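Novice: Supplied in C-alpha cells, the structure appears directly below.
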Amino acid sequence: MPAEAPEVRTTCPYCGVGCGVIAYRTDDGTIAVRGDEQHPANFGRLCSKGSALAETLALEDRLLHPEIDGQRVGWDAALDAVAEGFRRTIAEHGPDAVALYVSGQLLTEDYYVANKLMKGCIGTSNIDTNSRLCMSSSVAGHKRAFGTDTVPGTYEDLEQADLLILVGSNLAWCHPVLYQRILAARQARGGKPKLIVIDPRRTASCDQAEQHLAIAPNTDTVLFNGLLVHLHRQDAVDLDYLDAHTDGYLAALRAAREIAPSIPEVARRCGLDEEAVANFYGDFTRTKKVVTVYSQGVNQSAHGTDKVNAIINCHLATGRIGKPGCGPFSVTGQPNAMGGREVGGLANQLAAHMDFAPADVERVARFWQAPNIARGPGLKAVELFRAVAEGRIKAIWIMGTNPVVSLPEADAVREALMNCPLVVVSDAVRVTDTTACADILLPAATWGEKDGTVTNSERRISRQRAFLDLPGEARPDWWALAEVGRRLGFTANLDFAGPAAVFREFAALSGYENAAWGGEGDSRRDFDISALAGVADADYDAIEPFRWPRPAAGDGAERFFATGGYYTPDRRARMIAVGERASVNAPDETFPLVLNTGRVRDHWHTMTRTAKTARLSAHIPEPYAEIHPVDAAVLGIRDEALVRVVSRWGEVIVRAKLAREQRPGSVFVPMHWCTPYASRGRIDAVVNPATDPFSGQPESKHTPVRVMAYKPAWHGFVLSRDPLTLPDDLDYVVRVRGDGLWRYEIASEQPVADWSAWAHELLHEPPGEGWIEFEDRSLGRYRGAAMHDGRLVACAFVSPGHELPPRDWLAGLFERPELAAPERASLLAGRPGKGQPDVGRIVCACFRVGVNTLLSAIRERKLTTPEAIGAALRAGTNCGSCVPEIRKLIADNAS
C-alpha cells in the first residue's frame, strides 16, 4: 500500500450488495480491512467473507507469469501466441469460430474492452459471461416487461416496505449485509417490513420470517399466477395504473386462471396448506408497500424468465412498482454482474443497454467506428461450450471464471476444453479445474490490485481501487485484451491509456444519441452516465458511489416506472401471459429425488479466494448433501456418512447431512467445491444442461438424482502442519485449510495391509521416539501421531466406518507449543480429557466462536437470547449470519 495513502476506499469483490471496504496498513505492517461507514450500500458493516478479505491476499497459489503448454514465457510471446491463434482460426473458419467467456469478477472497464474487441473489431458476438448462470433470466424478464433491463428500486425500498417477500433467495447467507439492513429496519419500525420466505428449504432467512412457504420445486409460476387471479377476484388491482401504463393484463389473467384458478388448486400443485396460501395472498392484497426480492431460486430455471414475469405481473397489476417501498427486486450474485449487463457482456446484448436491433447496431458501429460490427446475438454460455465440444468454436479465451466447475454437465465441459485446439485462460490462480485445460495461461490482476468500477444490485456504481502492487507479471484484464487486439490490427479502436480512458468512452457511448433524459437523438435508453464522459483521471480516481442514471442533460431517476415511462415503443409495460411450465427433466423411479444447488454462508463461487482463509472453511469444511431424515431412512443413509449423488449427467461423493429443514423428496448440495479442495465434489457435473429458452440460463435447481450410501473399505482423516501429497488411490479427498495446519478427509475402496507403514510414508515421518500410535487390527482402526520436541506436527485416524473423533479439538492441539502428558494421553483417544478446552465446531466465523463455547454460555451462564450471547462472546455481532444457528441452539438447549 502506498505510503502516501494509509487507507484506500474500495469495494468488496464478493456478492452483488457492493459493500464499501477500507483497506489499511496496521502497526505491524500487514494489510487489514474494515467496512466503509460512508458507503451507502453497507454503512460500515461487512459479512464474514468481507471481514476476512485481508486473509486472502497471500501469493502462494497465484499464477504470476505467462505460460504456454506449462512452460514459463514472457508476455510478448504469450500475447503473440494468443493473437496468432485467433488470427489463424478466423482466417480458416471465420470469426464465429472464436469466443470469449468472461466473468462478473471483471471490472466494468475490463468488460467493456472485451465486448468492443469481440463485437466491434473481430465481428462475433460469441462473448458470454458466467453471469449468464445467475441473473440472465432476470434480464430477460425485465426486457419483456419493461422494454429494457432496468432494476426499478433501491435498497432503501427494502427498508421502507411494509411487506417483504423473499423468493428463492437465502438472503441471510448469500447477501447477509442486506439482510441485516432489513432486520435493523424491522427493529426500528416495530416489526415492519413483515417477512415472508418462499423456498423449498427452510433456510437461515426464515429465522425472523412471519411465514415460510415450503413450496414444491419449480411451482413458482403457479403460486404467483394464483396471486394474480386472487388480486383480480378481490378487486385489488390498480385499474388506473393498468389503463395508463400497461398492456396484456387480460391475457396474463386468462393464462393464470388456466393453471391457478383457486387457492385450493394452487395449494395442491405447490404442495402447501390452503391456509398458508390464503394468508400469503391476503398479506399481499392488503399491503400497499410490497417488495418482492428474488434471486437464484427463481432465475436458475428452465422457466426462470417466466417466473420473473409472473412476479412482475403482480406488481404491475397493483401499481406497486417504482414507488418508495414497492417493486420487484432482483438481487444479483456477483460484484459486477450489473456492470457486465451495462456494457454488453452477455452474448445477446450490445453496450450501454443496446441490443441487436438494426438501429442500435448502426449506432454502436458509428460510435466505435467499428471495422467489423457484429449484427446478431452470439452463443449463450451452455450452447457456447456445446459448440466447443462440437468443434464449431476452435479457440476460446476464458477470463476470471472456472466453467469446468460452475457450468452444468461439467464433465462434458472439461472434455470439450481438453479437445479444443486453443484454450487461453486468464486467471489469478495457478491451479484450477479450468487452468488444467489451458494451452496458454495469462496471469491476471485480482482484488487489491485492480482499478476500475463495479455496479451493485441497486444500480450503484462504485470504484474498486488498487492498494497493492501487481505481483510478478500479473496484468489487468483490459490491458491483455487491448494488447491482443493491437496484435490483430485494432490499435486505433483499443488505444486506452488506462481504466479512466475506458470509462470515459463507455460513459460517452451511454449518452450517444440518447433522448431519454433531454438529449438529442433517435433513441430512448434508461442507462446513461454521460455526465462523466469527460471526467479527468484525478476525478475518476475520486468518484463517490452513485446510482445511475447520471445523464449530461436533464435529470436522472432514483426510481423508475412509478408513473410509467417504460422503454417499449409505446412506453407501456407488458404483462406476460405465463402458462403451464412443467419441469424439463422430471423425477422417475431411477432418479426419484430433485437436486437443488446453491451457496453456503462463508464460501464463494469455486473457492479460489475463500479457501485461502481458515476461518471461512471452519463452519462448513466439506461438501454435503442435505436430505430429509425420512428420505434418508428409506435409503439407508446415516448422518455424516458418505453418499453418492448420481444423475444421468454425472455423480459426486459428499457427506450426508440429515436436516428436517429440507423438503422431503429434495436434496441440496452446495456449488462451491472444486477438484483442488474436493476430489469428487463438483456438483455441477451432476446438474442437467436444460436452459431457459429466453435467457439461456441453466436449470441449476431441478435435476433428478438418486442418492446412495457410499461404503468404501475405510474412512479417515489427517491433520498436518505442512501440506501433504496424498496417494493417488484415494477415492475421496477433501482438503481444508485450518489455523496453522491442513486437514484432509479421506476414504478409499482399496484395503491397506499395514496401517503403520502407510501412516509413516504419508506423513514423511520415520519411526522413532516422536511417534505414538494405536491399532486395533480386529476392528480395522488405526491412530498415529508425530511429535517434534513435544509439539504435535501430524496425526492420522482411520476406521472402517465414518464414525471418527471430532476434528476441532484435535486441530486445537496444534496451537500448543508443547503437549502436556494428559493431552498426549487424550490425543489417540480422540477426545479431550477433564479440564481440556474444546470450543467445538465454529459457528461464528467472524469471531471464531465454537458450538461448545455457545452451549456452555446457554446452559451454564443461562444466556437465552442472541443479544445476550453477542454481549458476552461477540458471536453474531458483526455480519449476523450466524444468528439463526445461535437462536436454534438456544431453542434446543435452554432449560
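Residues in the C-alpha cells are named by chain (A, B, ... in the order shown) and by number from 1 within that chain; ligands are numbered from 1 in the order shown.
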Just want the 10 Å neighbourhood of range 842-845 of chain A, counted on only C-alpha atoms, with same-chain residues fewer than 5 positions away dropped. Output as a VMD selection string.
Specialist: chain A and resid 47 to 49 51 to 52 601 to 602 614 to 620 808 850 to 854 873 to 883 885 to 886
Novice: What's around Ile321 in chain A at 12 Å? Count only C-alpha atoms, leave out sequence neighbours fewer than 2 positions away in its own chain, and write the answer as a ChimeraX atom specification.
Specialist: /A:146,150-154,157,161,238,241-242,245,288-292,311-319,323-329,559-566,573
Novice: So, counting only C-alpha atoms, which residue among A:Asp739, A:Gly391, A:Thr129, A:Glu60 is closest to Arg848 in chain A?
Specialist: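 Smallest separation from Arg848 in chain A among the options: A:Asp739.
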Novice: Would you mind listing what lies within 6 Å of range 137-144 of chain A as a ChimeraX atom specification, with only C-alpha atoms counted and same-chain residues fewer than 4 positions away left out?
Specialist: /A:148-149,299,304-305,308-309,695
Novice: Can those selected residues be exported to a file as a PDB file, in the first residue's frame so that it contains all heavy atoms?
Specialist:
ATOM      1  N   THR A 148     -36.532  -2.843 -21.332  1.00  0.00           N
ATOM      2  CA  THR A 148     -35.090  -2.720 -21.110  1.00  0.00           C
ATOM      3  C   THR A 148     -34.763  -3.392 -19.771  1.00  0.00           C
ATOM      4  O   THR A 148     -35.650  -3.672 -18.967  1.00  0.00           O
ATOM      5  CB  THR A 148     -34.654  -1.249 -21.100  1.00  0.00           C
ATOM      6  OG1 THR A 148     -33.230  -1.168 -21.131  1.00  0.00           O
ATOM      7  CG2 THR A 148     -35.167  -0.526 -19.875  1.00  0.00           C
ATOM      8  N   ASP A 149     -33.486  -3.619 -19.544  1.00  0.00           N
ATOM      9  CA  ASP A 149     -33.047  -4.299 -18.324  1.00  0.00           C
ATOM     10  C   ASP A 149     -32.865  -3.278 -17.210  1.00  0.00           C
ATOM     11  O   ASP A 149     -31.754  -2.880 -16.880  1.00  0.00           O
ATOM     12  CB  ASP A 149     -31.739  -5.049 -18.603  1.00  0.00           C
ATOM     13  CG  ASP A 149     -31.168  -5.698 -17.350  1.00  0.00           C
ATOM     14  OD1 ASP A 149     -31.939  -5.959 -16.416  1.00  0.00           O
ATOM     15  OD2 ASP A 149     -29.941  -5.933 -17.313  1.00  0.00           O
ATOM     16  N   ASN A 299     -34.248 -17.449 -10.803  1.00  0.00           N
ATOM     17  CA  ASN A 299     -33.532 -17.293 -12.071  1.00  0.00           C
ATOM     18  C   ASN A 299     -33.009 -18.607 -12.637  1.00  0.00           C
ATOM     19  O   ASN A 299     -33.055 -18.828 -13.851  1.00  0.00           O
ATOM     20  CB  ASN A 299     -32.342 -16.345 -11.879  1.00  0.00           C
ATOM     21  CG  ASN A 299     -32.762 -14.919 -11.606  1.00  0.00           C
ATOM     22  OD1 ASN A 299     -33.788 -14.461 -12.095  1.00  0.00           O
ATOM     23  ND2 ASN A 299     -31.972 -14.217 -10.817  1.00  0.00           N
ATOM     24  N   GLY A 304     -37.068 -19.767 -15.851  1.00  0.00           N
ATOM     25  CA  GLY A 304     -36.769 -18.651 -14.971  1.00  0.00           C
ATOM     26  C   GLY A 304     -37.351 -17.338 -15.440  1.00  0.00           C
ATOM     27  O   GLY A 304     -37.838 -16.533 -14.631  1.00  0.00           O
ATOM     28  N   THR A 305     -37.315 -17.095 -16.746  1.00  0.00           N
ATOM     29  CA  THR A 305     -37.854 -15.833 -17.261  1.00  0.00           C
ATOM     30  C   THR A 305     -39.346 -15.732 -16.981  1.00  0.00           C
ATOM     31  O   THR A 305     -39.860 -14.677 -16.587  1.00  0.00           O
ATOM     32  CB  THR A 305     -37.581 -15.708 -18.767  1.00  0.00           C
ATOM     33  OG1 THR A 305     -36.176 -15.810 -19.003  1.00  0.00           O
ATOM     34  CG2 THR A 305     -38.074 -14.376 -19.303  1.00  0.00           C
ATOM     35  N   VAL A 308     -39.868 -14.859 -13.365  1.00  0.00           N
ATOM     36  CA  VAL A 308     -39.640 -13.422 -13.150  1.00  0.00           C
ATOM     37  C   VAL A 308     -40.865 -12.631 -13.588  1.00  0.00           C
ATOM     38  O   VAL A 308     -41.345 -11.737 -12.867  1.00  0.00           O
ATOM     39  CB  VAL A 308     -38.383 -12.966 -13.906  1.00  0.00           C
ATOM     40  CG1 VAL A 308     -38.272 -11.437 -13.908  1.00  0.00           C
ATOM     41  CG2 VAL A 308     -37.136 -13.582 -13.286  1.00  0.00           C
ATOM     42  N   ASN A 309     -41.406 -12.938 -14.770  1.00  0.00           N
ATOM     43  CA  ASN A 309     -42.551 -12.172 -15.261  1.00  0.00           C
ATOM     44  C   ASN A 309     -43.817 -12.440 -14.478  1.00  0.00           C
ATOM     45  O   ASN A 309     -44.667 -11.545 -14.331  1.00  0.00           O
ATOM     46  CB  ASN A 309     -42.767 -12.451 -16.750  1.00  0.00           C
ATOM     47  CG  ASN A 309     -41.745 -11.745 -17.621  1.00  0.00           C
ATOM     48  OD1 ASN A 309     -40.955 -12.372 -18.313  1.00  0.00           O
ATOM     49  ND2 ASN A 309     -41.742 -10.422 -17.571  1.00  0.00           N
ATOM     50  N   SER A 695     -33.692 -16.764 -21.778  1.00  0.00           N
ATOM     51  CA  SER A 695     -32.473 -16.226 -21.167  1.00  0.00           C
ATOM     52  C   SER A 695     -31.248 -17.086 -21.403  1.00  0.00           C
ATOM     53  O   SER A 695     -30.119 -16.607 -21.270  1.00  0.00           O
ATOM     54  CB  SER A 695     -32.678 -16.085 -19.653  1.00  0.00           C
ATOM     55  OG  SER A 695     -32.766 -17.366 -19.032  1.00  0.00           O
TER      56      SER A 695
END
Novice: Name the residues of range 556-599 of chain A that come out as strand (DSSP E) in a backbone DSSP run; write them as an NGL selection string.
Specialist: :A and (573-574 or 593-598)
Novice: Those residues you just picked out, can you put them in a file as a PDB file, in the first residue's frame with all heavy atoms?
Specialist:
ATOM      1  N   ALA A 573     -45.747  -0.812 -20.123  1.00  0.00           N
ATOM      2  CA  ALA A 573     -45.205  -2.101 -19.695  1.00  0.00           C
ATOM      3  C   ALA A 573     -46.010  -3.231 -20.321  1.00  0.00           C
ATOM      4  O   ALA A 573     -47.185  -3.074 -20.672  1.00  0.00           O
ATOM      5  CB  ALA A 573     -45.240  -2.211 -18.176  1.00  0.00           C
ATOM      6  N   ARG A 574     -45.368  -4.376 -20.450  1.00  0.00           N
ATOM      7  CA  ARG A 574     -46.032  -5.556 -20.981  1.00  0.00           C
ATOM      8  C   ARG A 574     -46.234  -6.582 -19.856  1.00  0.00           C
ATOM      9  O   ARG A 574     -45.268  -7.017 -19.239  1.00  0.00           O
ATOM     10  CB  ARG A 574     -45.187  -6.201 -22.080  1.00  0.00           C
ATOM     11  CG  ARG A 574     -44.855  -5.278 -23.243  1.00  0.00           C
ATOM     12  CD  ARG A 574     -46.102  -4.962 -24.071  1.00  0.00           C
ATOM     13  NE  ARG A 574     -45.740  -4.223 -25.274  1.00  0.00           N
ATOM     14  CZ  ARG A 574     -45.846  -2.904 -25.421  1.00  0.00           C
ATOM     15  NH1 ARG A 574     -46.290  -2.172 -24.400  1.00  0.00           N
ATOM     16  NH2 ARG A 574     -45.517  -2.325 -26.551  1.00  0.00           N
ATOM     17  N   LEU A 593     -35.325 -38.242  -6.705  1.00  0.00           N
ATOM     18  CA  LEU A 593     -35.196 -37.026  -5.900  1.00  0.00           C
ATOM     19  C   LEU A 593     -34.835 -35.838  -6.775  1.00  0.00           C
ATOM     20  O   LEU A 593     -34.261 -35.989  -7.860  1.00  0.00           O
ATOM     21  CB  LEU A 593     -34.131 -37.216  -4.815  1.00  0.00           C
ATOM     22  CG  LEU A 593     -34.345 -38.385  -3.850  1.00  0.00           C
ATOM     23  CD1 LEU A 593     -33.161 -38.499  -2.900  1.00  0.00           C
ATOM     24  CD2 LEU A 593     -35.650 -38.225  -3.081  1.00  0.00           C
ATOM     25  N   VAL A 594     -35.141 -34.639  -6.284  1.00  0.00           N
ATOM     26  CA  VAL A 594     -34.828 -33.400  -7.011  1.00  0.00           C
ATOM     27  C   VAL A 594     -33.618 -32.740  -6.366  1.00  0.00           C
ATOM     28  O   VAL A 594     -33.631 -32.425  -5.172  1.00  0.00           O
ATOM     29  CB  VAL A 594     -36.023 -32.433  -7.008  1.00  0.00           C
ATOM     30  CG1 VAL A 594     -35.621 -31.087  -7.614  1.00  0.00           C
ATOM     31  CG2 VAL A 594     -37.191 -33.030  -7.777  1.00  0.00           C
ATOM     32  N   LEU A 595     -32.574 -32.541  -7.165  1.00  0.00           N
ATOM     33  CA  LEU A 595     -31.363 -31.868  -6.690  1.00  0.00           C
ATOM     34  C   LEU A 595     -31.497 -30.364  -6.840  1.00  0.00           C
ATOM     35  O   LEU A 595     -31.848 -29.855  -7.908  1.00  0.00           O
ATOM     36  CB  LEU A 595     -30.139 -32.344  -7.487  1.00  0.00           C
ATOM     37  CG  LEU A 595     -28.844 -31.562  -7.255  1.00  0.00           C
ATOM     38  CD1 LEU A 595     -28.317 -31.776  -5.837  1.00  0.00           C
ATOM     39  CD2 LEU A 595     -27.785 -31.952  -8.292  1.00  0.00           C
ATOM     40  N   ASN A 596     -31.173 -29.656  -5.765  1.00  0.00           N
ATOM     41  CA  ASN A 596     -31.116 -28.195  -5.735  1.00  0.00           C
ATOM     42  C   ASN A 596     -29.685 -27.818  -5.344  1.00  0.00           C
ATOM     43  O   ASN A 596     -29.123 -28.415  -4.425  1.00  0.00           O
ATOM     44  CB  ASN A 596     -32.122 -27.687  -4.696  1.00  0.00           C
ATOM     45  CG  ASN A 596     -32.080 -26.188  -4.490  1.00  0.00           C
ATOM     46  OD1 ASN A 596     -31.513 -25.453  -5.274  1.00  0.00           O
ATOM     47  ND2 ASN A 596     -32.689 -25.739  -3.399  1.00  0.00           N
ATOM     48  N   THR A 597     -29.083 -26.879  -6.037  1.00  0.00           N
ATOM     49  CA  THR A 597     -27.741 -26.434  -5.690  1.00  0.00           C
ATOM     50  C   THR A 597     -27.766 -24.973  -5.267  1.00  0.00           C
ATOM     51  O   THR A 597     -28.688 -24.232  -5.593  1.00  0.00           O
ATOM     52  CB  THR A 597     -26.772 -26.592  -6.877  1.00  0.00           C
ATOM     53  OG1 THR A 597     -27.136 -25.685  -7.926  1.00  0.00           O
ATOM     54  CG2 THR A 597     -26.794 -28.005  -7.415  1.00  0.00           C
ATOM     55  N   GLY A 598     -26.722 -24.553  -4.543  1.00  0.00           N
ATOM     56  CA  GLY A 598     -26.669 -23.159  -4.103  1.00  0.00           C
ATOM     57  C   GLY A 598     -25.448 -22.903  -3.251  1.00  0.00           C
ATOM     58  O   GLY A 598     -24.506 -23.700  -3.220  1.00  0.00           O
TER      59      GLY A 598
END
Novice: Can you tell me, as a tab-separated table (two decimals) with N, CA, C and O atoms, in the first residue's frame, what residues are no more than 10 Å from range 38-43 of chain A when counting only C-alpha atoms, ignoring any on the same chain fewer than 2 positions away?
Specialist:
chain	number	residue	atom	x	y	z
A	9	ARG	N	-10.11	3.41	-0.04
A	9	ARG	CA	-11.52	3.04	-0.12
A	9	ARG	C	-11.75	2.25	-1.40
A	9	ARG	O	-11.42	2.70	-2.50
A	10	THR	N	-12.31	1.08	-1.26
A	10	THR	CA	-12.56	0.22	-2.41
A	10	THR	C	-13.89	-0.49	-2.20
A	10	THR	O	-14.69	-0.09	-1.35
A	11	THR	N	-14.15	-1.53	-3.01
A	11	THR	CA	-15.43	-2.23	-2.96
A	11	THR	C	-15.18	-3.72	-2.86
A	11	THR	O	-14.27	-4.25	-3.50
A	17	VAL	N	-24.26	-7.09	-3.32
A	17	VAL	CA	-24.59	-5.99	-2.41
A	17	VAL	C	-23.67	-4.80	-2.68
A	17	VAL	O	-24.10	-3.65	-2.65
A	18	GLY	N	-22.40	-5.07	-2.98
A	18	GLY	CA	-21.48	-3.99	-3.35
A	18	GLY	C	-21.00	-3.19	-2.16
A	18	GLY	O	-20.97	-1.95	-2.20
A	19	CYS	N	-20.58	-3.87	-1.10
A	19	CYS	CA	-20.19	-3.17	0.13
A	19	CYS	C	-18.89	-2.39	-0.05
A	19	CYS	O	-17.94	-2.86	-0.71
A	20	GLY	N	-18.84	-1.22	0.57
A	20	GLY	CA	-17.61	-0.45	0.62
A	20	GLY	C	-16.65	-1.03	1.64
A	20	GLY	O	-17.05	-1.44	2.73
A	21	VAL	N	-15.37	-1.07	1.27
A	21	VAL	CA	-14.32	-1.65	2.12
A	21	VAL	C	-13.19	-0.63	2.22
A	21	VAL	O	-12.83	0.01	1.22
A	22	ILE	N	-12.62	-0.51	3.39
A	22	ILE	CA	-11.41	0.30	3.57
A	22	ILE	C	-10.25	-0.65	3.86
A	22	ILE	O	-10.30	-1.43	4.80
A	35	GLY	N	-15.19	-2.23	7.22
A	35	GLY	CA	-16.27	-1.68	6.41
A	35	GLY	C	-16.18	-0.18	6.30
A	35	GLY	O	-15.74	0.51	7.22
A	36	ASP	N	-16.60	0.33	5.14
A	36	ASP	CA	-16.59	1.77	4.89
A	36	ASP	C	-17.92	2.35	5.38
A	36	ASP	O	-18.97	2.12	4.79
A	45	ARG	N	-20.80	-2.07	7.63
A	45	ARG	CA	-20.96	-3.47	8.00
A	45	ARG	C	-20.35	-4.36	6.92
A	45	ARG	O	-20.48	-4.09	5.72
A	46	LEU	N	-19.69	-5.44	7.32
A	46	LEU	CA	-19.18	-6.45	6.40
A	46	LEU	C	-19.64	-7.82	6.86
A	46	LEU	O	-19.81	-8.07	8.05
A	47	CYS	N	-19.79	-8.74	5.91
A	47	CYS	CA	-20.12	-10.12	6.26
A	47	CYS	C	-18.85	-10.88	6.61
A	47	CYS	O	-17.74	-10.33	6.59
A	154	THR	N	-34.50	0.46	-5.12
A	154	THR	CA	-33.27	0.77	-4.40
A	154	THR	C	-33.25	-0.03	-3.11
A	154	THR	O	-34.27	-0.59	-2.68
A	155	TYR	N	-32.10	-0.06	-2.45
A	155	TYR	CA	-32.02	-0.74	-1.16
A	155	TYR	C	-32.93	-0.10	-0.12
A	155	TYR	O	-33.45	-0.78	0.77
A	156	GLU	N	-33.11	1.20	-0.22
A	156	GLU	CA	-34.00	1.87	0.74
A	156	GLU	C	-35.42	1.31	0.66
A	156	GLU	O	-36.14	1.30	1.67
A	177	VAL	N	-25.28	-8.68	4.48
A	177	VAL	CA	-25.31	-7.28	4.89
A	177	VAL	C	-26.66	-6.66	4.54
A	177	VAL	O	-27.24	-5.89	5.33
A	178	LEU	N	-27.20	-7.01	3.39
A	178	LEU	CA	-28.52	-6.50	3.02
A	178	LEU	C	-29.58	-7.07	3.95
A	178	LEU	O	-30.50	-6.35	4.38
A	180	GLN	N	-29.16	-7.89	7.06
A	180	GLN	CA	-29.04	-7.19	8.34
A	180	GLN	C	-29.63	-5.78	8.27
A	180	GLN	O	-30.18	-5.29	9.26
A	181	ARG	N	-29.55	-5.13	7.12
A	181	ARG	CA	-30.22	-3.83	6.96
A	181	ARG	C	-31.73	-3.99	7.15
A	181	ARG	O	-32.39	-3.15	7.77
A	456	ASN	N	-23.54	-2.42	-8.34
A	456	ASN	CA	-24.21	-3.38	-7.47
A	456	ASN	C	-25.67	-3.58	-7.87
A	456	ASN	O	-26.13	-3.07	-8.90
A	457	SER	N	-26.41	-4.30	-7.05
A	457	SER	CA	-27.77	-4.71	-7.40
A	457	SER	C	-28.76	-3.56	-7.49
A	457	SER	O	-29.84	-3.71	-8.07
A	458	GLU	N	-28.45	-2.42	-6.89
A	458	GLU	CA	-29.37	-1.28	-6.94
A	458	GLU	C	-28.88	-0.22	-7.93
A	458	GLU	O	-29.21	0.97	-7.78
A	460	ARG	N	-25.89	0.97	-8.33
A	460	ARG	CA	-24.93	1.89	-7.76
A	460	ARG	C	-23.52	1.56	-8.27
A	460	ARG	O	-23.03	0.44	-8.08
A	462	SER	N	-19.59	1.97	-8.09
A	462	SER	CA	-18.57	2.28	-7.09
A	462	SER	C	-17.20	2.00	-7.67
A	462	SER	O	-17.05	1.18	-8.58
A	544	GLU	N	-17.25	9.07	-6.12
A	544	GLU	CA	-18.01	8.53	-4.99
A	544	GLU	C	-19.12	7.62	-5.52
A	544	GLU	O	-19.59	7.78	-6.64
A	545	PRO	N	-19.56	6.65	-4.74
A	545	PRO	CA	-20.62	5.75	-5.19
A	545	PRO	C	-21.87	6.53	-5.60
A	545	PRO	O	-22.32	7.43	-4.89
A	546	PHE	N	-22.44	6.15	-6.76
A	546	PHE	CA	-23.66	6.83	-7.23
A	546	PHE	C	-24.51	5.83	-8.00
A	546	PHE	O	-24.02	4.88	-8.58
Novice: Got a sec: who's within 9 Å of range 487-492 of chain A, counting only C-alpha atoms, leaving out chain neighbours fewer than 2 positions off, as a ChimeraX atom specification?
Specialist: /A:79-80,83-84,86-87,117,121-122,371,482-485,494-495
Novice: Next, write the just-selected residues to a file, as a CSV table (one decimal), in the first residue's frame, keeping N, CA, C and O atoms as the atom set.
Specialist:
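For reference, result-v1.csv as written:
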chain,number,residue,atom,x,y,z
A,79,LEU,N,1.2,-13.2,-25.7
A,79,LEU,CA,0.2,-12.4,-26.4
A,79,LEU,C,0.3,-12.7,-27.9
A,79,LEU,O,-0.7,-12.7,-28.6
A,80,ASP,N,1.5,-12.8,-28.4
A,80,ASP,CA,1.7,-13.2,-29.8
A,80,ASP,C,1.0,-14.5,-30.1
A,80,ASP,O,0.3,-14.6,-31.2
A,83,ALA,N,-2.8,-14.0,-30.1
A,83,ALA,CA,-3.3,-13.3,-31.3
A,83,ALA,C,-3.1,-14.2,-32.6
A,83,ALA,O,-4.0,-14.2,-33.4
A,84,GLU,N,-2.0,-14.9,-32.7
A,84,GLU,CA,-1.8,-15.7,-33.9
A,84,GLU,C,-2.8,-16.8,-33.9
A,84,GLU,O,-3.4,-17.2,-35.0
A,86,PHE,N,-5.9,-16.8,-32.6
A,86,PHE,CA,-7.2,-16.2,-33.0
A,86,PHE,C,-7.1,-15.8,-34.5
A,86,PHE,O,-8.1,-16.1,-35.2
A,87,ARG,N,-6.1,-15.2,-35.0
A,87,ARG,CA,-6.0,-14.8,-36.4
A,87,ARG,C,-6.1,-16.0,-37.3
A,87,ARG,O,-6.8,-16.0,-38.3
A,117,LEU,N,-13.7,-5.5,-28.3
A,117,LEU,CA,-12.8,-6.3,-29.1
A,117,LEU,C,-13.6,-7.4,-29.9
A,117,LEU,O,-13.4,-7.5,-31.1
A,121,CYS,N,-14.6,-5.3,-33.2
A,121,CYS,CA,-13.4,-5.5,-34.0
A,121,CYS,C,-13.4,-6.8,-34.7
A,121,CYS,O,-13.3,-6.9,-35.9
A,122,ILE,N,-13.4,-7.9,-34.0
A,122,ILE,CA,-13.4,-9.2,-34.6
A,122,ILE,C,-14.6,-9.5,-35.4
A,122,ILE,O,-14.6,-10.2,-36.4
A,371,PRO,N,-14.7,-1.7,-37.3
A,371,PRO,CA,-14.4,-2.2,-38.6
A,371,PRO,C,-15.2,-3.5,-38.9
A,371,PRO,O,-15.4,-3.8,-40.1
A,482,ALA,N,-6.6,-5.5,-24.8
A,482,ALA,CA,-6.2,-4.5,-25.7
A,482,ALA,C,-4.9,-4.8,-26.5
A,482,ALA,O,-4.8,-4.6,-27.7
A,483,GLU,N,-4.0,-5.5,-25.8
A,483,GLU,CA,-2.7,-5.9,-26.4
A,483,GLU,C,-3.0,-7.0,-27.5
A,483,GLU,O,-2.3,-6.9,-28.5
A,484,VAL,N,-3.8,-7.9,-27.2
A,484,VAL,CA,-4.2,-8.9,-28.3
A,484,VAL,C,-4.9,-8.2,-29.4
A,484,VAL,O,-4.6,-8.5,-30.6
A,485,GLY,N,-5.8,-7.3,-29.1
A,485,GLY,CA,-6.5,-6.5,-30.2
A,485,GLY,C,-5.5,-5.7,-31.0
A,485,GLY,O,-5.6,-5.7,-32.3
A,494,LEU,N,-8.6,0.3,-29.8
A,494,LEU,CA,-8.4,-0.2,-28.4
A,494,LEU,C,-7.2,0.6,-27.8
A,494,LEU,O,-6.5,0.0,-26.9
A,495,ASP,N,-7.0,1.8,-28.2
A,495,ASP,CA,-5.9,2.6,-27.7
A,495,ASP,C,-6.3,3.3,-26.4
A,495,ASP,O,-6.5,4.5,-26.4
Novice: Give me the residues within 7 Å of range 380-384 of chain A as a list in words, counting only C-alpha atoms and dropping any in the same chain fewer than 4 places off.
Specialist: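 Contacts, with the query itself left out: Asp128, Thr129, Arg132, Ala347, Val388 and Gly696 of chain A.
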Novice: Go ahead and write the selection's residues with N, CA and C atoms as a PDB file, in the first residue's frame.
Specialist:
ATOM      1  N   ASP A 128     -19.703 -14.399 -23.857  1.00  0.00           N
ATOM      2  CA  ASP A 128     -20.717 -14.510 -22.818  1.00  0.00           C
ATOM      3  C   ASP A 128     -20.014 -14.533 -21.469  1.00  0.00           C
ATOM      4  N   THR A 129     -20.791 -14.539 -20.409  1.00  0.00           N
ATOM      5  CA  THR A 129     -20.256 -14.355 -19.071  1.00  0.00           C
ATOM      6  C   THR A 129     -20.878 -15.343 -18.105  1.00  0.00           C
ATOM      7  N   ARG A 132     -24.406 -15.237 -16.894  1.00  0.00           N
ATOM      8  CA  ARG A 132     -25.491 -15.969 -17.551  1.00  0.00           C
ATOM      9  C   ARG A 132     -26.080 -17.012 -16.602  1.00  0.00           C
ATOM     10  N   ALA A 347     -24.029 -12.351 -24.507  1.00  0.00           N
ATOM     11  CA  ALA A 347     -23.914 -12.582 -25.951  1.00  0.00           C
ATOM     12  C   ALA A 347     -25.050 -11.973 -26.751  1.00  0.00           C
ATOM     13  N   VAL A 388     -18.078 -25.608 -28.523  1.00  0.00           N
ATOM     14  CA  VAL A 388     -16.685 -26.027 -28.367  1.00  0.00           C
ATOM     15  C   VAL A 388     -16.588 -27.544 -28.519  1.00  0.00           C
ATOM     16  N   GLY A 696     -31.429 -18.365 -21.685  1.00  0.00           N
ATOM     17  CA  GLY A 696     -30.299 -19.269 -21.787  1.00  0.00           C
ATOM     18  C   GLY A 696     -29.719 -19.668 -20.439  1.00  0.00           C
TER      19      GLY A 696
END
